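**Q** There's a structure below that I have some questions on.
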Amino acid sequence: MGLKSSSERYGTMIVAMHWLTALLMIGLFATGFRAANTADPAAKAAILRIHVPIAVAVITLTLLRIGWWWGVDRKPGPIAGSPRWQEHTARAIHILFYVFIIGMTASGIGMIALSGAAPIIFGGEGALLPDFWKYPPRVPHGFGARLLLAFIALHASAALYHQFIRRDHLLRRMWFSR
Ligand code: HEM
């Protein structure tokens with residue numbers, strides 16, 4: 001299995017980026033919802049000190065992934081016997097993932113920039129954290145997170161449907177092999 005994808009399966013580079021992003025996204029949702037539901041400002045700042053660097057890692061991986069598809073690699077062909085509407089839906093959801101991750105990052109940066117919370121979160125300033133709901137990017141950040149979760153659920157269900165109902169070993173395409 002090479003670094004690049006073949007017509008049959010994804011290459012090592014994409015497989016590594018895919019599963020690393022999936023792991024980091026679990027961390028992002030866990031810390032994001034935890035921060036939003038924590039009233040104590042010091043505890044919230046401590047959670048955001050984890051949330052923001054994970055988000056930076058996710059956006060970096062996403063931009064790398066876009067660059068990789070753009071300039072280096074080509075996607076494997078469609079799965080044999082898969083209806084065209086499923087291929088189109090899968091493609092649309094994959095593009096939406098990129099759009100949502102970029103949008104979530106932009107709204108997150110917007111919240112921190114407009115509220116001036118960076119020195120409080122990262123600089124150890126004893127000041128109280130602002131109420132992020134006072135800043136417009138907070139709304140798309142919360143709404144986008146829930147929509148993104150719904151798309152992730154759809155994406156994972158489709159993969160499990162292929163793996164266990166159609167039994168076409170779809171997951172093998174997105175895993176490491178010799
Ligand atoms: C892919 C990127 C990101 C995802 C998936 C994500 C996910 C989340 C989630 C699920 C929440 C809870 C939302 C709610 O309960 O309504 C949240 C809250 C938050 N996120 Fe993000 N986030 C991302 C990027 C960022 C970035 C880049 C920043 C800052 C630079 C950021 C700053 C925040 C802040 C400050 C909150 C807490 C808001 C509050 O306490 O009211 N996020 N995020």
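Each chain in the structure tokens gets a letter, A, B, ..., in the order shown, and its residues are numbered from 1; ligands are numbered from 1 in order too.
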Using only C-alpha atoms and all ligand atoms, what are the residues with an atom within 8 Å of ligand 1, set out as a count of residues only?

**A** 45

**Q** Residues at most 10 Å from region 161-177 of chain A, counting only C-alpha atoms, excluding those fewer than 3 positions away in the same chain, as a list in words?

**A**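 Those residues are Met1, Gly2, Ser5, Ser6, Glu8, Arg9, Tyr10, Gly11, Thr12, Met13, Ile14, Val15, Ala16, His18, Trp19, Pro76, Ile79, Ala80, Gly81, Ser82, His155, Ala156, Ser157 and Ala158 of chain A.
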
**Q** For the residues in the current selection, export C-alpha atoms as a JSON list (two decimals), in the first residue's frame.

**A**
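result.json, freshly written:
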```json
[["chain", "number", "residue", "atom", "x", "y", "z"],
["A", 1, "MET", "CA", 0.00, 0.00, 0.00],
["A", 2, "GLY", "CA", 1.55, 3.28, -1.11],
["A", 5, "SER", "CA", -4.43, 6.16, -3.38],
["A", 6, "SER", "CA", -5.07, 3.62, -6.14],
["A", 8, "GLU", "CA", -9.33, 0.57, -5.55],
["A", 9, "ARG", "CA", -8.39, 2.08, -2.21],
["A", 10, "TYR", "CA", -7.17, 5.10, -0.26],
["A", 11, "GLY", "CA", -3.42, 5.54, 0.26],
["A", 12, "THR", "CA", -1.59, 5.63, 3.62],
["A", 13, "MET", "CA", -1.45, 9.43, 3.73],
["A", 14, "ILE", "CA", -5.25, 9.86, 3.43],
["A", 15, "VAL", "CA", -6.00, 6.92, 5.74],
["A", 16, "ALA", "CA", -3.73, 8.40, 8.44],
["A", 18, "HIS", "CA", -8.80, 10.54, 8.03],
["A", 19, "TRP", "CA", -8.53, 8.57, 11.30],
["A", 76, "PRO", "CA", -10.34, 5.81, -5.77],
["A", 79, "ILE", "CA", -17.70, 1.16, -5.18],
["A", 80, "ALA", "CA", -18.89, -1.51, -7.60],
["A", 81, "GLY", "CA", -22.69, -1.75, -7.77],
["A", 82, "SER", "CA", -23.29, 1.42, -5.77],
["A", 155, "HIS", "CA", -21.37, 9.42, 7.04],
["A", 156, "ALA", "CA", -20.66, 6.76, 9.70],
["A", 157, "SER", "CA", -24.05, 5.06, 9.15],
["A", 158, "ALA", "CA", -23.40, 4.87, 5.41]]
```

**Q** With only C-alpha atoms as the basis for distance, which of A:Ala117, A:Leu154, A:Leu64, A:Ala22 is at the shortest distance from Ala92 (chain A)?

**A** A:Leu154

**Q** Which residue, A:Leu24, A:Ile95, A:Ala150, A:Ala127, has the smallest gap to Ala45 (chain A) when you use only C-alpha atoms?

**A**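 Nearest to Ala45 (chain A): A:Ala127.
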
**Q** Which distance in Å separates CA of Trp68 (chain A) and CA of Ala90 (chain A), to one decimal?

**A**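 Between CA of Trp68 (chain A) and CA of Ala90 (chain A) the gap is 19.1 Å.
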
**Q** With only C-alpha atoms as the atoms that count, which of A:Ile121, A:Ile66, A:Leu149, A:Leu20 lies nearest to Ile50 (chain A)?

**A**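 Among A:Ile121, A:Ile66, A:Leu149, A:Leu20, it is A:Ile121 that comes nearest to Ile50 (chain A).
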
**Q** Which one is closest to Phe151 (chain A): A:Arg74, A:His88, A:His94, A:Arg65? Count only C-alpha atoms.

**A**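 Between A:Arg74, A:His88, A:His94, A:Arg65, the residue approaching Phe151 (chain A) most closely is A:His94.
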
**Q** Can you measure CA of Ile26 (chain A) to CA of Lys75 (chain A) for me? One decimal in Å is fine.

**A**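 So the two atoms, CA of Ile26 (chain A) and CA of Lys75 (chain A), lie 25.1 Å apart.
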
**Q** Could you pull out the helix (DSSP H, G or I) residues of region 73-178 of chain A from DSSP and send them as an MDAnalysis selection string?

**A** chainID A and resid 84:115 118:122 132:134 138:165 170:173

**Q** Find, counting only C-alpha atoms, the residue in A:Leu128, A:Leu3, A:Leu114, A:Val72 that gets nearest to Pro41 (chain A).

**A**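 Residue with the minimum atom-to-atom distance to Pro41 (chain A): A:Leu128.
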